[in-house]
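What follows is a short report on a single structure.
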Amino acid sequence: MKRLVVVSNRVASNEPKASAGGLAVALDAALRESEGLWFGWSGKVVDGIGGTPRITRSGNVTFATIDLENQDFDDYYNGYGNRTLWPLFHYRADLAVFDRRYYGGYHRVNALFAQCLGQLLKPGDVIWVHDFHLIPLGEELRKLGHKLPLGFFLHIPFPVPQILTTLFNHKKLVRSLLVYDLIGFQTDSDLRAFEEYVRLELGGSVDNRGVISAYGMSVHAQAFPIGIDAQQIANFAVSKQAQRQSERMSKSLAGRDLIIGVDRLDYTKGLPERLNAFEKFLSNFPDNRGRVTLLQIAPPSRSDVPEYVEIRHELETASGHINGRFSEFDWVPIRYINKAYNRQALAGLFRASRIGLVTPLRDGMNLVAKEFVAAQNPEDPGVLILSRFAGAAQQLVGALIVNPHDTDDVAKYIERALLMPLDERRERWRDMMKSVSENDLTAWRENFVRTLTDIGASG
Ligand code: GDG
């Protein structure tokens, strides 16, 4: 069996933190089974030159991490990654900062990653690079003469050409994707956007096997929608700890229905719009006042980036305003929490909720939507309200699919979900659970690695 080498911006330890994001959770599970190597940034910022890999082992997984120096952290991570590519790929050209210094840092760190990782590679390895921080890594590895099979998976959306072309060096960026052997996207829409870009901007072509060619290079590209470990979440949801949490929760609810939102505090997740929709719900359907509570868990992320500081203030103001407007002495409509809970507790809270409100403005997939489904009680499942702009909406057709910008409509859907008969809830849940179980994390990983290995063997 070939050794799998996973490369991502951050390497989580083998004990994922309560606040671990989607990628960390997914990769932790993915590496346990293969005797793999996980390479990436340690999360530490140091004075002077970073870049000597630190090697640790946990079970049969090897972790290799490097530190970054201050300037690289500012330009590569906070800069080009989080202030340029993240907003742009989420269709927020208005928030994207176009700064060539940032790009310089991005390029420097990708070259450093390639140099450090290169020393650890062995013949027969299969390399799987993750996400937008590391798009040029493949090109840098090839420049150093590495010929191993190279796969890249984009966890976030791939924007349509009209958006991507607002970036000053878009051609260089996409050109560097073409050196991979396989590119995975979350959805068919992302794949189509990529193909369209290659045709329109690079004058390239797409054949009927999904091979995309331009500049004399060709790459296989395909959608590989990421999944969750559905069984694990279902088990978490009935664990002792989960039961304790949900008992505490229902005691505090005193018979009221619970609506839950769980999101990293990020402007892509549609949180202000969600609060606005909930305010409209209370305002347009006044019978529900005093009967429903919205629990919004929003652990802060990327707090060094100004746009994240702003959204945090905005949410504090909005939740304070709504609570001020509607609260009674014995009922507060929104419980807004800026901290992370462990996964068992979250699963218990999902199960205790009548509605899961997952309304990002744009999201590559959205694992919370799938986790909410997996945590439900099959006999009395809750209803998922899901944004059409989450990749998950292309799979979870049993959800109530909404436009998160249309807050009046979302308000109506909340009312509809609360009134939904048990039979319909069960039927919708069964559809979704089937999809979540069949297309789980293992299927995702195996499918990607198998495809990459096959391409490597034939290429
Ligand atoms: C990126 C893409 C794509 C959240 N709060 C807590 C907590 N979480 C966990 C959730 C879920 C994960 O973090 C979030 O994953 P998402 O998919 O919702 O979103 P991103 O972090 O933006 O992830 C996304 C994903 O990568 C994977 O490809 O789906 O589109 O943006 O697992 O449960 N976990 C714990 N406590 C919390 O308070 N333990």
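Quick note on naming: the chains in the structure tokens go A, B, ... in the order shown, residues restart at 1 in each chain, and ligands are numbered from 1 in order of appearance.
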
Kindly provide the residues of chain A that approach ligand 1 to within 9 Å, each paired with its closest atom pair and their distance in Å to one decimal, based on only C-alpha atoms and all ligand atoms, listed by chain and increasing number, as a Markdown table.
| residue | atom | partner | partner_atom_place_in_ligand_line | distance |
| --- | --- | --- | --- | --- |
| A:Pro16 | CA | ligand 1 | 39 (N) | 8.1 |
| A:Lys17 | CA | ligand 1 | 39 (N) | 6.8 |
| A:Ala18 | CA | ligand 1 | 39 (N) | 3.8 |
| A:Ser19 | CA | ligand 1 | 36 (N) | 4.6 |
| A:Ala20 | CA | ligand 1 | 34 (N) | 5.6 |
| A:Gly21 | CA | ligand 1 | 13 (O) | 3.8 |
| A:Gly22 | CA | ligand 1 | 15 (O) | 3.5 |
| A:Leu23 | CA | ligand 1 | 27 (C) | 4.9 |
| A:Ala24 | CA | ligand 1 | 12 (C) | 8.2 |
| A:Val25 | CA | ligand 1 | 32 (O) | 6.2 |
| A:Ala26 | CA | ligand 1 | 27 (C) | 7.0 |
| A:Asp131 | CA | ligand 1 | 26 (O) | 8.6 |
| A:Phe153 | CA | ligand 1 | 28 (O) | 8.8 |
| A:Leu154 | CA | ligand 1 | 28 (O) | 7.7 |
| A:His155 | CA | ligand 1 | 28 (O) | 4.3 |
| A:Ile156 | CA | ligand 1 | 2 (C) | 5.1 |
| A:Pro157 | CA | ligand 1 | 30 (O) | 7.5 |
| A:Gln186 | CA | ligand 1 | 28 (O) | 7.5 |
| A:Pro225 | CA | ligand 1 | 28 (O) | 8.2 |
| A:Ile226 | CA | ligand 1 | 28 (O) | 5.8 |
| A:Gly227 | CA | ligand 1 | 27 (C) | 8.1 |
| A:Ile228 | CA | ligand 1 | 32 (O) | 7.9 |
| A:Val262 | CA | ligand 1 | 5 (N) | 5.5 |
| A:Asp263 | CA | ligand 1 | 4 (C) | 5.1 |
| A:Arg264 | CA | ligand 1 | 4 (C) | 5.5 |
| A:Leu265 | CA | ligand 1 | 5 (N) | 8.8 |
| A:Asp266 | CA | ligand 1 | 22 (O) | 7.9 |
| A:Thr268 | CA | ligand 1 | 22 (O) | 8.2 |
| A:Lys269 | CA | ligand 1 | 22 (O) | 8.0 |
| A:Ile297 | CA | ligand 1 | 38 (O) | 6.4 |
| A:Ala298 | CA | ligand 1 | 5 (N) | 6.5 |
| A:Pro299 | CA | ligand 1 | 38 (O) | 5.8 |
| A:Asn338 | CA | ligand 1 | 38 (O) | 8.5 |
| A:Lys339 | CA | ligand 1 | 38 (O) | 6.1 |
| A:Ala340 | CA | ligand 1 | 38 (O) | 3.0 |
| A:Tyr341 | CA | ligand 1 | 38 (O) | 4.1 |
| A:Asn342 | CA | ligand 1 | 39 (N) | 4.1 |
| A:Arg343 | CA | ligand 1 | 39 (N) | 4.1 |
| A:Gln344 | CA | ligand 1 | 39 (N) | 7.8 |
| A:Ala345 | CA | ligand 1 | 39 (N) | 8.2 |
| A:Leu346 | CA | ligand 1 | 36 (N) | 6.6 |
| A:Ala347 | CA | ligand 1 | 33 (O) | 8.5 |
| A:Val358 | CA | ligand 1 | 18 (O) | 8.7 |
| A:Arg362 | CA | ligand 1 | 30 (O) | 8.0 |
| A:Asp363 | CA | ligand 1 | 30 (O) | 4.3 |
| A:Gly364 | CA | ligand 1 | 30 (O) | 3.4 |
| A:Met365 | CA | ligand 1 | 29 (O) | 3.7 |
| A:Asn366 | CA | ligand 1 | 17 (O) | 3.4 |
| A:Leu367 | CA | ligand 1 | 17 (O) | 3.7 |
| A:Val368 | CA | ligand 1 | 18 (O) | 4.6 |
| A:Ala369 | CA | ligand 1 | 18 (O) | 7.2 |
| A:Lys370 | CA | ligand 1 | 17 (O) | 8.8 |
| A:Glu371 | CA | ligand 1 | 33 (O) | 6.8 |
| A:Phe372 | CA | ligand 1 | 33 (O) | 8.8 |
| A:Ala390 | CA | ligand 1 | 30 (O) | 7.2 |
| A:Gly391 | CA | ligand 1 | 30 (O) | 7.0 |
| A:Ala392 | CA | ligand 1 | 29 (O) | 7.9 |

Requested in this report: Please provide the set of residues having any atom within 12 Å of Val305 (chain A), restricted to only C-alpha atoms, with same-chain residues fewer than 5 positions apart removed, written as a PyMOL selection string.
Outcome: chain A and resi 73-75+77-84+86-87+95-97+265-267+300+310-312

Query raised in the report: What is the CA of Val174 (chain A) to CA of Asp207 (chain A) distance in Å?
Result: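 Separating CA of Val174 (chain A) from CA of Asp207 (chain A) is a distance of 18.2 Å.
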
As a compact mmCIF listing (two decimals) with all heavy atoms, in the first residue's frame, please: the residues near Arg3 (chain A) (cut-off 10 Å, only C-alpha atoms, same-chain neighbours under 6 positions excluded).
# COMPACT_ATOMS: atom_id res chain seq x y z
N SER A 34 -4.29 5.12 7.17
CA SER A 34 -3.10 4.93 6.32
C SER A 34 -1.88 5.27 7.18
O SER A 34 -1.94 6.11 8.05
CB SER A 34 -3.16 5.86 5.11
OG SER A 34 -2.97 7.19 5.54
N GLU A 35 -0.79 4.63 6.90
CA GLU A 35 0.41 4.92 7.70
C GLU A 35 1.03 6.18 7.14
O GLU A 35 2.13 6.16 6.59
CB GLU A 35 1.36 3.74 7.64
CG GLU A 35 0.70 2.49 8.15
CD GLU A 35 1.71 1.45 8.59
OE1 GLU A 35 2.88 1.59 8.25
OE2 GLU A 35 1.28 0.51 9.27
N GLY A 36 0.30 7.25 7.27
CA GLY A 36 0.62 8.43 6.50
C GLY A 36 1.50 9.44 7.19
O GLY A 36 1.86 9.33 8.36
N LEU A 37 1.85 10.44 6.40
CA LEU A 37 2.62 11.58 6.88
C LEU A 37 1.72 12.80 6.69
O LEU A 37 1.10 12.98 5.63
CB LEU A 37 3.88 11.74 6.02
CG LEU A 37 4.64 13.07 6.11
CD1 LEU A 37 5.27 13.26 7.49
CD2 LEU A 37 5.73 13.15 5.03
N LEU A 121 10.01 13.13 1.41
CA LEU A 121 9.29 12.26 0.47
C LEU A 121 10.10 11.03 0.10
O LEU A 121 11.33 11.08 0.07
CB LEU A 121 8.94 13.05 -0.80
CG LEU A 121 7.96 14.21 -0.58
CD1 LEU A 121 7.78 15.00 -1.88
CD2 LEU A 121 6.62 13.71 -0.05
N LYS A 122 9.34 9.94 -0.16
CA LYS A 122 10.00 8.68 -0.55
C LYS A 122 9.38 8.19 -1.85
O LYS A 122 8.21 8.49 -2.12
CB LYS A 122 9.71 7.59 0.50
CG LYS A 122 10.25 7.87 1.88
CD LYS A 122 10.04 6.61 2.72
CE LYS A 122 9.79 6.95 4.17
NZ LYS A 122 9.10 5.92 4.91
N PRO A 123 10.13 7.38 -2.61
CA PRO A 123 9.54 6.83 -3.84
C PRO A 123 8.25 6.08 -3.48
O PRO A 123 8.19 5.41 -2.45
CB PRO A 123 10.61 5.87 -4.35
CG PRO A 123 11.87 6.28 -3.67
CD PRO A 123 11.50 6.92 -2.38
N GLY A 124 7.24 6.20 -4.32
CA GLY A 124 6.00 5.47 -4.07
C GLY A 124 4.97 6.28 -3.28
O GLY A 124 3.82 5.87 -3.18
N ASP A 125 5.35 7.42 -2.72
CA ASP A 125 4.38 8.24 -1.99
C ASP A 125 3.31 8.80 -2.93
O ASP A 125 3.56 9.02 -4.11
CB ASP A 125 5.08 9.45 -1.33
CG ASP A 125 5.87 9.06 -0.08
OD1 ASP A 125 5.71 7.91 0.39
OD2 ASP A 125 6.63 9.90 0.42
N VAL A 126 2.16 9.03 -2.34
CA VAL A 126 1.09 9.72 -3.05
C VAL A 126 0.79 10.98 -2.25
O VAL A 126 0.56 10.89 -1.04
CB VAL A 126 -0.18 8.83 -3.12
CG1 VAL A 126 -1.35 9.60 -3.69
CG2 VAL A 126 0.10 7.59 -3.95
N ILE A 127 0.83 12.13 -2.90
CA ILE A 127 0.73 13.39 -2.16
C ILE A 127 -0.63 14.04 -2.38
O ILE A 127 -1.07 14.22 -3.53
CB ILE A 127 1.84 14.36 -2.60
CG1 ILE A 127 3.19 13.66 -2.44
CG2 ILE A 127 1.81 15.65 -1.78
CD1 ILE A 127 4.33 14.39 -3.07

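Going from CA of Arg192 (chain A) over to CA of Ile212 (chain A), you cover 11.2 Å.
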
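For the choices A:Thr65, A:Asn439, A:Ser42, A:Asn377, the atom-to-atom distance to Ala234 (chain A) is smallest for A:Asn377 when using only C-alpha atoms.
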
Query raised in the report: Do you have the CA of Arg354 (chain A)-CA of Ala417 (chain A) distance handy?
Result: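 Pair CA of Arg354 (chain A) / CA of Ala417 (chain A) returns 8.1 Å.
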
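Distances here use only C-alpha atoms; by that measure, the residue among A:Asn9, A:Gln232, A:Asn60, A:Ser458 closest to Glu33 (chain A) is A:Asn60.
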
Report summary line: Using only C-alpha atoms, the shortest atom-to-atom distance to Gly456 (chain A) among A:Pro149, A:Gly105, A:Gly48, A:Pro404 belongs to A:Pro149

Report task. Enumerate the residues of region 3-139 of chain A with a DSSP assignment of alpha helix (DSSP H), computed from the backbone, and present them as a VMD selection string. Result -> chain A and resid 22 to 33 70 to 72 86 to 89 100 to 118 137 to 139

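Closest approach to Asp229 (chain A) among A:His405, A:Arg445, A:Arg335, A:Arg101 is made by A:Arg445 (distances from only C-alpha atoms).
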
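The residue that comes closest to Arg199 (chain A), out of A:Val160, A:Leu85, A:Leu422, A:Leu271 and on the basis of only C-alpha atoms, is A:Val160.
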
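DSSP secondary structure from the backbone places A:Val126, A:Ile127, A:Trp128, A:Val129, A:His130 of region 86-135 of chain A in strand (DSSP E).
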
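Using only C-alpha atoms, the nearest neighbour of Gln376 (chain A) within the list A:Ile135, A:Leu202, A:Val309, A:Ala352 is A:Ala352.
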
Query - Selection near Val109 (chain A), 12 Å with only C-alpha atoms, sequence-local residues under 5 positions removed, as number ranges by chain - result: A: 9, 40-41, 49-51, 66-77, 80-81, 102-104, 114-117, 133-137, 140

Query raised in the report: Which polymer residues have any atom within 8 Å of an atom of Tyr180 (chain A), counting only C-alpha atoms, with same-chain residues fewer than 3 positions away left out, as a list of chain:residue names?
Result: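 What passes the distance filter is A:Gly138, A:Glu139, A:Pro149, A:Leu150, A:Gly151, A:Phe152, A:Leu177, A:Ile183, A:Val219.
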
Keeping only all heavy atoms, write the selected residues as a short mmCIF file (atom, residue, chain, number, x, y, z; two decimals), in the first residue's frame.
data_model
loop_
_atom_site.label_atom_id
_atom_site.label_comp_id
_atom_site.auth_asym_id
_atom_site.auth_seq_id
_atom_site.Cartn_x
_atom_site.Cartn_y
_atom_site.Cartn_z
N GLY A 138 2.10 22.34 -5.53
CA GLY A 138 2.40 21.31 -6.55
C GLY A 138 3.45 21.80 -7.53
O GLY A 138 4.42 21.09 -7.83
N GLU A 139 3.27 23.02 -8.00
CA GLU A 139 4.20 23.59 -8.97
C GLU A 139 5.60 23.70 -8.36
O GLU A 139 6.61 23.41 -9.00
CB GLU A 139 3.70 24.96 -9.40
CG GLU A 139 4.43 25.53 -10.58
CD GLU A 139 3.80 26.83 -11.06
OE1 GLU A 139 3.42 27.67 -10.22
OE2 GLU A 139 3.67 26.99 -12.28
N PRO A 149 2.83 11.21 -7.74
CA PRO A 149 1.45 11.63 -8.03
C PRO A 149 1.01 12.73 -7.05
O PRO A 149 1.23 12.63 -5.85
CB PRO A 149 0.61 10.37 -7.79
CG PRO A 149 1.58 9.24 -7.84
CD PRO A 149 2.91 9.78 -7.43
N LEU A 150 0.39 13.77 -7.61
CA LEU A 150 0.02 14.95 -6.81
C LEU A 150 -1.47 15.23 -6.96
O LEU A 150 -1.94 15.47 -8.08
CB LEU A 150 0.74 16.18 -7.36
CG LEU A 150 2.16 16.51 -6.96
CD1 LEU A 150 2.64 17.73 -7.74
CD2 LEU A 150 2.19 16.79 -5.46
N GLY A 151 -2.17 15.21 -5.85
CA GLY A 151 -3.59 15.56 -5.89
C GLY A 151 -3.85 16.82 -5.10
O GLY A 151 -3.11 17.13 -4.16
N PHE A 152 -4.88 17.55 -5.49
CA PHE A 152 -5.23 18.78 -4.77
C PHE A 152 -6.73 18.76 -4.53
O PHE A 152 -7.51 18.46 -5.44
CB PHE A 152 -4.85 20.01 -5.61
CG PHE A 152 -5.25 21.30 -4.97
CD1 PHE A 152 -4.42 21.90 -4.02
CD2 PHE A 152 -6.47 21.92 -5.28
CE1 PHE A 152 -4.79 23.08 -3.39
CE2 PHE A 152 -6.84 23.10 -4.66
CZ PHE A 152 -5.99 23.68 -3.71
N LEU A 177 -2.42 25.29 -10.81
CA LEU A 177 -3.27 24.13 -10.51
C LEU A 177 -3.10 23.02 -11.55
O LEU A 177 -3.32 21.84 -11.28
CB LEU A 177 -4.74 24.55 -10.49
CG LEU A 177 -5.33 25.07 -9.19
CD1 LEU A 177 -6.76 25.56 -9.42
CD2 LEU A 177 -5.33 23.99 -8.11
N ILE A 183 -7.47 17.21 -9.53
CA ILE A 183 -8.02 18.29 -8.71
C ILE A 183 -9.42 17.89 -8.29
O ILE A 183 -10.25 17.52 -9.15
CB ILE A 183 -8.13 19.62 -9.49
CG1 ILE A 183 -6.81 19.99 -10.15
CG2 ILE A 183 -8.57 20.75 -8.55
CD1 ILE A 183 -6.92 21.24 -11.02
N VAL A 219 -4.88 17.93 -16.63
CA VAL A 219 -5.18 17.50 -15.28
C VAL A 219 -6.59 16.89 -15.25
O VAL A 219 -7.49 17.36 -15.96
CB VAL A 219 -5.07 18.71 -14.30
CG1 VAL A 219 -5.98 19.86 -14.70
CG2 VAL A 219 -5.34 18.31 -12.86
#
